[in-house]
Every structure is written in structure tokens, then in C-alpha cells.
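Raw input-v1.txt, compact mmCIF, C-alpha atoms (C1' of nucleotides):
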# COMPACT_ATOMS: atom_id res chain seq x y z
CA MET A 98 20.42 -17.96 -3.09
CA ARG A 99 21.24 -21.12 -1.19
CA GLU A 100 19.65 -24.49 -1.65
CA PRO A 101 16.02 -24.67 -0.53
CA ALA A 102 16.78 -27.53 1.87
CA GLU A 103 19.51 -25.50 3.49
CA VAL A 104 17.23 -22.51 3.84
CA ILE A 105 14.52 -24.56 5.46
CA GLN A 106 17.01 -26.07 7.86
CA PHE A 107 18.14 -22.61 8.86
CA VAL A 108 14.58 -21.39 9.37
CA ARG A 109 13.78 -24.43 11.47
CA ALA A 110 16.82 -23.93 13.67
CA GLU A 111 16.09 -20.26 14.08
CA ALA A 112 12.47 -21.05 14.91
CA ARG A 113 13.47 -23.55 17.57
CA ARG A 114 15.90 -21.04 19.05
CA ARG A 115 12.92 -18.71 19.49
CA GLY A 116 10.64 -21.31 20.94
CA VAL A 117 8.58 -21.35 17.76
CA ARG A 118 7.21 -24.75 16.81
CA TRP A 119 7.79 -26.36 13.46
CA THR A 120 4.58 -27.61 11.92
CA SER A 121 3.75 -29.37 8.67
CA GLN A 122 1.97 -26.25 7.47
CA ARG A 123 5.05 -24.10 8.03
CA GLN A 124 7.16 -26.68 6.25
CA THR A 125 4.77 -26.65 3.31
CA ILE A 126 4.58 -22.87 3.11
CA VAL A 127 8.31 -22.31 3.43
CA GLU A 128 8.97 -24.94 0.78
CA ALA A 129 6.54 -23.29 -1.61
CA PHE A 130 8.06 -19.93 -0.88
CA VAL A 131 11.76 -20.65 -1.17
CA ALA A 132 11.52 -23.21 -3.93
CA SER A 133 9.92 -21.12 -6.57
CA GLY A 134 11.21 -17.68 -7.11
CA ASP A 135 11.04 -14.12 -6.05
CA HIS A 136 8.42 -11.50 -5.43
CA LEU A 137 5.42 -13.71 -4.94
CA THR A 138 2.14 -12.35 -3.67
CA VAL A 139 0.58 -13.96 -0.63
CA GLU A 140 -2.18 -15.28 -2.82
CA GLU A 141 0.33 -16.98 -5.09
CA ILE A 142 2.26 -18.47 -2.18
CA HIS A 143 -1.01 -19.71 -0.73
CA ARG A 144 -1.97 -21.25 -4.05
CA ARG A 145 1.34 -23.06 -4.34
CA ALA A 146 1.28 -24.25 -0.75
CA ARG A 147 -2.15 -25.75 -1.29
CA LEU A 148 -0.78 -27.91 -4.09
CA SER A 149 1.03 -29.86 -1.36
CA ASP A 150 -1.55 -29.47 1.37
CA GLY A 151 -5.02 -28.43 0.35
CA THR A 152 -6.02 -27.37 3.85
CA VAL A 153 -3.49 -24.61 4.63
CA SER A 154 -5.32 -21.39 5.32
CA ALA A 155 -4.47 -17.89 4.21
CA ALA A 156 -4.15 -16.84 7.85
CA THR A 157 -1.34 -19.32 8.38
CA VAL A 158 0.39 -18.17 5.22
CA TYR A 159 0.32 -14.61 6.54
CA ARG A 160 1.51 -15.71 9.97
CA THR A 161 4.34 -17.74 8.49
CA LEU A 162 5.51 -15.03 6.12
CA ASN A 163 5.53 -12.50 8.93
CA LEU A 164 7.59 -14.94 10.93
CA LEU A 165 10.08 -15.27 8.09
CA VAL A 166 10.40 -11.52 7.91
CA GLU A 167 10.98 -11.36 11.64
CA ILE A 168 13.65 -14.03 11.42
CA GLY A 169 15.19 -12.10 8.58
CA VAL A 170 15.00 -14.60 5.74
CA ALA A 171 12.21 -12.86 3.83
CA ALA A 172 11.62 -9.27 2.79
CA LYS A 173 8.22 -7.74 2.34
CA ARG A 174 7.86 -5.37 -0.59
CA GLN A 175 5.00 -3.03 -1.25
CA PHE A 176 4.73 -1.94 -4.83
CA GLY A 177 2.05 0.43 -5.90
CA ASP A 178 -0.71 -2.07 -6.52
CA GLY A 179 -2.19 -2.65 -3.10
CA SER A 180 -0.99 -6.09 -2.16
CA SER A 181 2.41 -7.02 -0.78
CA THR A 182 4.96 -9.34 -2.27
CA PHE A 183 7.57 -11.34 -0.43
CA GLU A 184 11.02 -12.33 -1.58
CA PRO A 185 13.56 -14.68 -0.04
CA ASN A 186 16.27 -12.59 1.52
CA LEU A 187 19.29 -14.44 2.73
CA ASP A 188 22.73 -13.37 1.75
CA LYS A 189 21.62 -11.05 -1.02
CA PRO A 190 23.17 -7.61 -1.03
CA HIS A 191 20.87 -4.63 -1.09
CA HIS A 192 19.19 -4.18 -4.42
CA ASP A 193 16.36 -2.23 -6.01
CA HIS A 194 13.55 -3.12 -8.37
CA LEU A 195 12.45 -2.52 -11.91
CA VAL A 196 8.79 -3.20 -12.56
CA CYS A 197 7.32 -3.85 -16.00
CA LEU A 198 4.08 -1.92 -16.40
CA GLY A 199 2.92 -4.34 -19.03
CA CYS A 200 3.33 -7.78 -17.51
CA GLY A 201 4.24 -7.00 -13.91
CA THR A 202 7.61 -8.75 -14.10
CA ILE A 203 10.06 -7.55 -11.50
CA ARG A 204 13.78 -7.40 -12.16
CA GLU A 205 16.41 -6.59 -9.59
CA PHE A 206 19.38 -4.31 -10.04
CA GLN A 207 22.07 -2.80 -7.92
CA ARG A 208 23.92 0.52 -8.23
CA ASP A 209 26.42 1.65 -5.62
CA ILE A 210 25.95 5.25 -6.55
CA ILE A 211 22.59 5.29 -4.84
CA GLU A 212 24.36 5.10 -1.49
CA ALA A 213 26.29 8.20 -2.45
CA ILE A 214 23.06 10.03 -3.23
CA GLN A 215 21.73 8.95 0.14
CA GLU A 216 24.71 10.40 1.94
CA ASP A 217 24.57 13.58 -0.04
CA VAL A 218 20.89 14.19 0.68
CA ALA A 219 21.36 13.24 4.32
CA ARG A 220 24.07 15.83 4.70
CA GLU A 221 22.00 18.52 3.01
CA LEU A 222 18.82 17.93 5.01
CA ASP A 223 20.47 16.86 8.27
CA PHE A 224 19.06 13.36 8.47
CA VAL A 225 20.62 10.09 9.56
CA LEU A 226 19.51 7.64 6.91
CA ALA A 227 18.57 4.04 7.53
CA SER A 228 17.42 2.68 4.21
CA HIS A 229 16.02 3.53 0.83
CA ARG A 230 13.69 2.17 -1.75
CA LEU A 231 14.11 2.82 -5.44
CA GLU A 232 11.65 1.50 -7.96
CA LEU A 233 11.84 2.02 -11.68
CA TYR A 234 8.76 1.58 -13.84
CA GLY A 235 8.81 0.86 -17.54
CA TRP A 236 8.20 -1.72 -20.22
CA CYS A 237 10.21 -4.80 -21.01
CA ALA A 238 11.16 -5.79 -24.55
CA ALA A 239 8.46 -8.46 -24.78
CA CYS A 240 5.69 -6.05 -23.82
CA ARG A 241 6.97 -3.41 -26.22
CA ALA A 242 6.87 -5.98 -28.99
CA LYS A 243 3.24 -6.69 -28.12
CA GLY A 244 2.43 -3.00 -28.18
CA LEU A 245 1.66 -2.94 -24.48
CA MET A 246 2.69 0.61 -23.73
CA GLN A 247 -0.13 2.38 -21.96
CA VAL A 248 -0.07 5.55 -19.92
CA PRO A 249 2.36 5.23 -17.03
CA VAL A 250 1.05 4.50 -13.57
CA GLN A 251 1.05 7.34 -11.03
CA PRO A 252 2.06 10.36 -13.11
CA THR A 253 4.08 12.72 -10.98
CA VAL A 254 4.21 15.76 -13.22
CA ALA A 255 1.30 18.00 -14.07
CA VAL A 256 -0.37 17.15 -17.35
CA ARG A 257 -0.82 20.80 -18.15
CA PRO A 258 1.19 23.45 -16.34
CA LEU A 259 -0.80 26.13 -14.60
CA MET B 184 3.45 26.55 -5.77
CA ARG B 185 1.00 29.15 -7.01
CA GLU B 186 -1.56 31.02 -4.98
CA PRO B 187 -4.40 28.86 -3.69
CA ALA B 188 -7.02 31.08 -5.35
CA GLU B 189 -5.26 30.71 -8.67
CA VAL B 190 -5.08 26.95 -8.28
CA ILE B 191 -8.77 26.69 -7.50
CA GLN B 192 -9.62 28.83 -10.48
CA PHE B 193 -7.60 26.54 -12.71
CA VAL B 194 -9.25 23.43 -11.30
CA ARG B 195 -12.69 24.95 -11.79
CA ALA B 196 -11.97 25.86 -15.38
CA GLU B 197 -10.55 22.43 -16.11
CA ALA B 198 -13.56 20.82 -14.45
CA ARG B 199 -15.97 22.84 -16.57
CA ARG B 200 -14.02 21.95 -19.69
CA ARG B 201 -14.67 18.29 -18.83
CA GLY B 202 -18.32 18.78 -18.04
CA VAL B 203 -17.64 18.22 -14.36
CA ARG B 204 -19.81 20.30 -12.03
CA TRP B 205 -18.42 22.56 -9.39
CA THR B 206 -20.04 22.04 -6.01
CA SER B 207 -19.58 23.64 -2.63
CA GLN B 208 -18.10 20.39 -1.32
CA ARG B 209 -15.47 20.34 -4.04
CA GLN B 210 -14.67 23.97 -3.33
CA THR B 211 -14.26 23.16 0.36
CA ILE B 212 -12.12 20.10 -0.23
CA VAL B 213 -9.86 21.72 -2.78
CA GLU B 214 -9.40 24.73 -0.53
CA ALA B 215 -8.45 22.54 2.39
CA PHE B 216 -6.10 20.57 0.17
CA VAL B 217 -4.21 23.33 -1.62
CA ALA B 218 -4.19 25.79 1.27
CA SER B 219 -2.35 23.75 3.78
CA GLY B 220 0.67 21.89 2.66
CA ASP B 221 1.96 18.74 1.18
CA HIS B 222 1.58 15.04 1.64
CA LEU B 223 -1.68 14.96 3.51
CA THR B 224 -3.53 11.75 4.14
CA VAL B 225 -7.14 11.50 3.03
CA GLU B 226 -8.17 11.41 6.65
CA GLU B 227 -6.34 14.66 7.35
CA ILE B 228 -7.82 16.37 4.28
CA HIS B 229 -11.24 15.19 5.33
CA ARG B 230 -10.70 16.54 8.83
CA ARG B 231 -9.65 19.92 7.50
CA ALA B 232 -12.49 20.11 5.02
CA ARG B 233 -14.97 19.45 7.80
CA LEU B 234 -13.76 22.51 9.64
CA SER B 235 -15.45 24.54 6.90
CA ASP B 236 -18.34 22.19 6.20
CA GLY B 237 -19.10 19.59 8.80
CA THR B 238 -21.15 17.47 6.44
CA VAL B 239 -18.62 16.54 3.74
CA SER B 240 -18.24 12.80 3.55
CA ALA B 241 -15.10 10.74 3.13
CA ALA B 242 -16.50 9.35 -0.12
CA THR B 243 -16.61 12.82 -1.62
CA VAL B 244 -13.10 13.54 -0.45
CA TYR B 245 -11.90 10.41 -2.22
CA ARG B 246 -13.87 11.25 -5.35
CA THR B 247 -12.53 14.80 -5.41
CA LEU B 248 -8.92 13.81 -4.86
CA ASN B 249 -9.13 11.24 -7.62
CA LEU B 250 -10.55 13.94 -9.86
CA LEU B 251 -7.62 16.23 -9.03
CA VAL B 252 -5.19 13.47 -9.90
CA GLU B 253 -6.98 12.93 -13.20
CA ILE B 254 -6.84 16.62 -13.99
CA GLY B 255 -3.19 16.55 -13.12
CA VAL B 256 -3.03 19.00 -10.22
CA ALA B 257 -2.49 16.42 -7.50
CA ALA B 258 -0.19 13.43 -7.14
CA LYS B 259 -1.01 10.36 -5.13
CA ARG B 260 1.85 8.87 -3.15
CA GLN B 261 1.92 5.50 -1.50
CA PHE B 262 4.50 5.23 1.22
CA GLY B 263 4.95 2.01 3.10
CA ASP B 264 2.33 2.55 5.77
CA GLY B 265 -0.88 1.46 4.07
CA SER B 266 -2.68 4.70 3.41
CA SER B 267 -2.08 7.09 0.53
CA THR B 268 -1.06 10.70 0.73
CA PHE B 269 -1.77 13.42 -1.80
CA GLU B 270 0.33 16.41 -2.70
CA PRO B 271 -0.46 19.41 -4.86
CA ASN B 272 1.36 19.00 -8.12
CA LEU B 273 1.34 21.93 -10.44
CA ASP B 274 4.52 23.25 -11.91
CA LYS B 275 6.82 21.29 -9.63
CA PRO B 276 9.65 19.40 -11.29
CA HIS B 277 10.06 15.74 -10.51
CA HIS B 278 11.31 15.12 -7.02
CA ASP B 279 11.73 12.31 -4.54
CA HIS B 280 11.01 11.93 -0.86
CA LEU B 281 12.79 11.57 2.43
CA VAL B 282 10.65 10.18 5.25
CA CYS B 283 11.48 10.62 8.92
CA LEU B 284 10.93 7.33 10.73
CA GLY B 285 10.43 9.16 13.99
CA CYS B 286 7.83 11.82 13.28
CA GLY B 287 6.69 10.95 9.77
CA THR B 288 7.76 14.27 8.30
CA ILE B 289 8.32 14.15 4.58
CA ARG B 290 10.95 16.27 2.85
CA GLU B 291 11.40 16.56 -0.86
CA PHE B 292 14.68 16.51 -2.74
CA GLN B 293 15.86 16.36 -6.29
CA ARG B 294 18.96 14.82 -7.83
CA ASP B 295 19.51 14.77 -11.57
CA ILE B 296 21.83 11.82 -11.32
CA ILE B 297 18.89 9.55 -10.69
CA GLU B 298 17.83 9.99 -14.30
CA ALA B 299 21.26 8.80 -15.34
CA ILE B 300 20.87 5.69 -13.22
CA GLN B 301 17.50 5.11 -14.83
CA GLU B 302 18.98 5.25 -18.29
CA ASP B 303 21.85 3.04 -17.36
CA VAL B 304 19.65 0.34 -15.87
CA ALA B 305 17.22 0.59 -18.76
CA ARG B 306 20.04 -0.03 -21.22
CA GLU B 307 21.35 -2.98 -19.28
CA LEU B 308 18.00 -4.73 -18.83
CA ASP B 309 16.43 -3.62 -22.11
CA PHE B 310 13.52 -1.67 -20.69
CA VAL B 311 11.93 1.60 -21.76
CA LEU B 312 11.48 3.48 -18.53
CA ALA B 313 8.54 5.69 -17.69
CA SER B 314 9.05 6.82 -14.13
CA HIS B 315 10.72 6.06 -10.88
CA ARG B 316 10.15 6.38 -7.20
CA LEU B 317 12.93 6.88 -4.71
CA GLU B 318 12.25 7.07 -1.02
CA LEU B 319 14.87 7.55 1.66
CA TYR B 320 14.10 6.63 5.25
CA GLY B 321 15.91 8.02 8.25
CA TRP B 322 15.68 10.30 11.25
CA CYS B 323 15.56 14.07 11.32
CA ALA B 324 17.62 16.15 13.73
CA ALA B 325 14.69 16.80 16.07
CA CYS B 326 13.90 13.11 16.43
CA ARG B 327 17.54 12.25 17.01
CA ALA B 328 17.65 14.84 19.77
CA LYS B 329 14.65 13.18 21.37
CA GLY B 330 16.31 9.78 21.14
CA LEU B 331 13.71 8.51 18.69
CA MET B 332 15.87 6.10 16.77
CA GLN B 333 14.16 2.75 16.70
CA VAL B 334 14.74 -0.17 14.41
CA PRO B 335 14.23 0.87 10.78
CA VAL B 336 11.01 0.00 9.04
CA GLN B 337 11.12 -2.77 6.42
CA PRO B 338 14.66 -4.11 6.78
CA THR B 339 15.89 -5.27 3.41
CA VAL B 340 19.03 -7.09 4.43
CA ALA B 341 19.15 -10.34 6.34
CA VAL B 342 19.59 -9.89 10.08
CA ARG B 343 21.89 -12.87 10.23
CA PRO B 344 23.52 -14.28 7.11
CA LEU B 345 22.93 -17.93 6.42
C1' DA C 100 0.65 -32.06 29.81
C1' DT C 101 0.78 -27.75 28.20
C1' DA C 102 1.92 -24.33 25.65
C1' DC C 103 1.68 -22.94 20.98
C1' DA C 104 -0.43 -23.27 16.17
C1' DT C 105 -4.30 -24.03 13.13
C1' DG C 106 -8.64 -23.07 10.57
C1' DC C 107 -12.49 -20.56 10.50
C1' DA C 108 -15.00 -16.56 10.74
C1' DA C 109 -15.28 -12.08 12.22
C1' DA C 110 -13.00 -7.67 12.68
C1' DC C 111 -10.37 -4.02 10.71
C1' DT C 112 -8.41 -0.45 7.47
C1' DG C 113 -8.40 2.04 3.40
C1' DT C 114 -10.99 2.72 -0.58
C1' DT C 115 -14.75 2.27 -4.00
C1' DT C 116 -19.55 1.94 -5.37
C1' DG C 117 -24.92 1.55 -5.71
C1' DC C 118 -28.69 4.10 -4.67
C1' DA C 119 -32.24 7.63 -3.42
C1' DG C 120 -32.51 12.24 -2.79
C1' DA C 121 -30.28 16.93 -3.56
C1' DA C 122 -28.31 20.38 -6.52
C1' DC C 123 -25.78 22.26 -10.42
C1' DA C 124 -26.22 23.94 -15.37
C1' DT D 161 -35.39 19.78 -16.71
C1' DG D 162 -32.07 16.60 -16.92
C1' DT D 163 -27.81 15.10 -15.66
C1' DT D 164 -24.41 14.95 -12.24
C1' DC D 165 -23.22 14.92 -7.36
C1' DT D 166 -23.79 13.90 -2.47
C1' DG D 167 -24.15 11.19 1.80
C1' DC D 168 -24.98 7.02 3.51
C1' DA D 169 -24.31 2.36 3.88
C1' DA D 170 -22.81 -1.61 1.88
C1' DA D 171 -19.22 -3.86 -0.75
C1' DC D 172 -14.51 -4.75 -1.40
C1' DA D 173 -9.49 -6.29 -0.94
C1' DG D 174 -5.83 -7.24 1.85
C1' DT D 175 -4.55 -8.35 6.30
C1' DT D 176 -4.96 -9.39 11.25
C1' DT D 177 -7.10 -11.51 15.24
C1' DG D 178 -10.24 -14.17 18.78
C1' DC D 179 -11.57 -18.51 19.73
C1' DA D 180 -12.27 -23.45 20.03
C1' DT D 181 -9.76 -27.29 18.61
C1' DG D 182 -5.63 -29.74 17.31
C1' DT D 183 -0.71 -30.84 17.82
C1' DA D 184 4.46 -30.36 18.55
C1' DT D 185 7.55 -30.75 22.25
In C-alpha cells, what does this structure look like?
Amino acid sequence: MREPAEVIQFVRAEARRRGVRWTSQRQTIVEAFVASGDHLTVEEIHRRARLSDGTVSAATVYRTLNLLVEIGVAAKRQFGDGSSTFEPNLDKPHHDHLVCLGCGTIREFQRDIIEAIQEDVARELDFVLASHRLELYGWCAACRAKGLMQVPVQPTVAVRPL
Amino acid sequence: MREPAEVIQFVRAEARRRGVRWTSQRQTIVEAFVASGDHLTVEEIHRRARLSDGTVSAATVYRTLNLLVEIGVAAKRQFGDGSSTFEPNLDKPHHDHLVCLGCGTIREFQRDIIEAIQEDVARELDFVLASHRLELYGWCAACRAKGLMQVPVQPTVAVRPL
DNA sequence: ATACATGCAAACTGTTTGCAGAACA
DNA sequence: TGTTCTGCAAACAGTTTGCATGTAT
């Protein structure tokens, strides 16, 4: 990803182009968001933004993140656990996610072959495909070492065949 | 999938084995669920159950569906749109989903190669993988004919590169 | 000056839960 | 009979929204 300062400059310019005003809260939130990593929950972004400005509200964090998604510099992800996470999304190529069931860490990966599967399925079922989402769930080395291997989330196969 | 009556019999037996009582509401809900198709929302299952018994509450529908998931005869799916859907899940092999962005129809498909991708990524990132979820989004032939091709949900690539 | 943005609280959606009464075993 | 289940309403989490006030342009 690019430098945070460069990202913020781009967002500001894009906001102005749309007649959207640049406020200190938006500056604070965008800084907190782009500065420190991927796949943050709204709560976490809010927490970090408040380190700089203790008065920013959750509503403004939501409004700002939705704006970033609209502008195209953030992507909203919904993993299985209820709340959404956001990740900076600038010149990254498409990628998918690997979620650790122990610690929640999210890794990214990319495999071209998935596009081929897409095309193949599209042909078979007569769809025109727009996008996909692939998530792998498992345990990272650190969690395995700690013995954190519980029953997988959302089993998709019958426990006991009929 | 097996015959509805057979499914219900299995669920009943499994419930008894666990000391779970069989009530008319559960009978009604399970009938509505297994009789009529895949990927129903809770709201839809509730609506159908009330056709037989107008007094069943949403709470009981939730409790019953969660019980079915626990027993292993239903799978809960969370697509991007907030609410969960449930599908009967008996002797089906693992499969993934293709969602029409126009009408919401969900088709199932299966590709063995996805397991190979899983293994490959797991090796590279040193994970032990438990499951995956692959969703394709696009438009079915009927929706294309009707001109229903709007902007895709949840864009994952920047609209305008930095 | 005047739109637009903010913070707060209330509304909303999907889901779970506590409780008193009903019903299975 | 005794435990489990139901329906209802309230609680909950995550998110959005209406409104009076504040502020960027």
C-alpha cells in the first residue's frame, strides 16, 4: 500500500471533487484507519481514532468508513462473526482471506485459478459473474502450538449421515 | 435429499436420544423447513410454519433451527446481506454457492479443485485448514434478460487506482 | 451565509434470553 | 410430577438516522 499521507491526500481530493467537506474528525479517522493495518473492526478503528480525538463518535466512524467504501479506497468484509471489518483497498489486486479460528488473525492470499473456476461454473450454470468471495478457515502455527484447536465454526457436513 | 418424513423421523429420534422433547411446534417448523427447499431465511421459515400453526413464535423458530444445526441436519449460511439462511444438510457432499445479484436465487456447485487450493495455501502459510466458504456473485439468465444488471455488491477492487 | 457534518439519542434489524404459564415424558 | 418448552417482551449487538448545533467553504 502507498504512504498514509498520500492516501489521505487522495481521499481529500476525491472528497472535494464530490462536494464532501473535509473535517478534523474525518482526518483523524482516516489516519487511524490507513496508518495501522488491515481488517480492523469499526470498534477498533473507533478506539484508535479516539486516541487522537476523544470526542469522535461511532456514528461518524461509520459514516466515514462508508464514504471511503463509496470512494473506493476501503473494502468492507463480512466474516462469519457478526460485525464487519474494513481494509484499505487502493491498488491491491483481488485477493481472498484465510482466517485463524484460534486467534482471529486474517491472512491474505491470491490464486489465479479461482478465476478459472468462476468461468467454468458460470458457463455450466449460465450466469454472468461479477465477483467472488473465498474464505478459508483453519489454525495458524502459533495457535496449534498452544493447543487451540476446537471444533470448526459452521460445520457444513452432517455429523451423522441419515 | 431424503424424504421429508424420513428426515423428521431421524430428527425426532436424535432429539429423544439427547433428552430433547418433541413438540407440535417443532414438528411444524421442521416440516416447513425440510419440505420446501433450500436456503430459506428464518423469516420465510417462520412464515411457512405459521401456515400450519398460526401461533408459532419467531423465538421458537430460532431455537429449533439452532437445534437442527446442533444435531447436524441443517447448515447455517451467512451471505452478505445481514440475515442468515438455513439449508437442510443430510448426506450432501460439501458444496459452494452461486448467488444471483438480481433475484437472490442461490445455486449450488461443487469443484474438487478447491480442496487443492486449500491445501496449497495451507502449506504456504503454515495453517491447518478446517473448512472453506466460496461464494460467487453474478446474474442469472432470467435477470440478464430483464436487464437487471446493476453495480455488483461489495466491490473489492478500487474504483480508481491511486 | 449556507450548506454540510457532528454528537447524541433513538430507531432499526436480526437474534438471543428471562420469565411465567403450558405441555411433554 | 418434574423438567423442558413456549410465547411474549425485553435485552442485545451492530448499524443507521433524525435533529439541533457546530463548522468548513
(request) Please provide the set of residues having any atom within 8 Å of stretch 163-174 of chain D, restricted to all atoms listed in the file, with same-chain residues fewer than 3 positions apart removed, written as a ChimeraX atom specification. (result) /A:179-180 /B:203-204,206,239-240,243 /C:115-116,121-123
(message) Using all atoms listed in the file, can you tell me which of A:Ser181, A:Val104, A:Arg123, A:Arg114 comes closest to chain D?
(response) A:Ser181
(message) Residues near stretch 308-322 of chain B, anyone? I mean within 6 Å using all atoms listed in the file, not counting same-chain ones fewer than 5 positions away, as a list in words.
(response)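 Once the adjacent positions are removed, what remains is Phe224, Val225, Leu226, Ala227, Ser228, His229, Arg230, Leu231, Glu232, Leu233, Tyr234, Gly235, Trp236 and Cys237 of chain A; Asp279, His280, Leu281, Val282, Cys283 and Leu284 of chain B.
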Select from chain D every residue with an atom at most 10 Å from any atom of chain A, then for each give the shortest pair of atoms and their distance in Å to one decimal, using only C-alpha atoms (C1' of nucleotides), rows by chain and rising number, as CSV.
residue,atom,partner,partner_atom,distance
D:DA173,C1',A:Gly179,CA,8.4
D:DG174,C1',A:Ser180,CA,6.4
D:DT175,C1',A:Tyr159,CA,7.9
D:DT176,C1',A:Ala156,CA,8.2
D:DT177,C1',A:Ala156,CA,9.6
D:DT183,C1',A:Thr120,CA,8.6
D:DA184,C1',A:Arg118,CA,6.5
D:DT185,C1',A:Arg118,CA,8.1
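For the choices C:DG117, C:DA100, C:DC107, C:DA124, the atom-to-atom distance to chain B is smallest for C:DA124 when using all atoms listed in the file.
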(message) Show me, as a PyMOL selection string, the residues that have an atom within 12 Å of A:Ile105 when counting only C-alpha atoms (C1' of nucleotides), minus same-chain residues fewer than 6 positions from it.
(response) (chain A and resi 99+111-112+119+123-132+165+170+185+187) or (chain B and resi 345)
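Nearest residue to chain B among A:Arg109, A:His143, A:His136, A:Lys189 is A:Lys189, counting only C-alpha atoms.
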(message) Given all atoms listed in the file as the basis, pick out the residue of A:Arg220, A:Arg147, A:Arg208, A:Lys243 nearest to chain B.
(response)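 Comparing A:Arg220, A:Arg147, A:Arg208, A:Lys243 against chain B, the winner is A:Arg208.
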(message) What does the structure give for the distance between atom C1' of D:DG182 and atom CA of A:Thr161, in Å to one decimal?
(response)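 Separation of atom C1' of D:DG182 and atom CA of A:Thr161: 17.9 Å.
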(message) Give me the residues near B:Asp295 as an MDAnalysis selection string, where near means some atom within 12 Å (using only C-alpha atoms (C1' of nucleotides)) and where sequence neighbours in that chain fewer than 2 positions away do not count.
(response) (chainID A and resid 214) or (chainID B and resid 276:279 292:293 297:302)
(request) Figure out the distance between atom C1' of C:DA104 and atom CA of A:Ala102, please, to one decimal in Å. (result)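 Calculated distance between atom CA of A:Ala102 and atom C1' of C:DA104 is 22.8 Å.
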(request) Work out how far apart atom CA of B:Gly330 and atom CA of B:Asp264 are and give it in Å to one decimal. (result)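 Atom CA of B:Asp264 lies at a distance of 22.0 Å from atom CA of B:Gly330.
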(request) Specify as a list in words all residues of chain C found within 12 Å of chain A, counting only C-alpha atoms (C1' of nucleotides). (result) DA102, DC103, DA104, DT105, DG106, DC107, DA108, DG113 and DT114 of chain C
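The residue that comes closest to chain B, out of A:Thr182, A:Gly134, A:Asp217, A:Ala172 and on the basis of all atoms listed in the file, is A:Ala172.
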(request) Would you list the residues near (-14.8, -9.5, 15.4) (no more than 8 Å away, in the coordinates of the file, using all atoms listed in the file) as number ranges by chain? (result) C: 109-110; D: 177-178
(request) Have a look at A:Ile142, A:Val218, A:Ile203, A:Leu137 and name the one nearest to A:Val158; count all atoms listed in the file. (result)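 Among A:Ile142, A:Val218, A:Ile203, A:Leu137, it is A:Ile142 that comes nearest to A:Val158.
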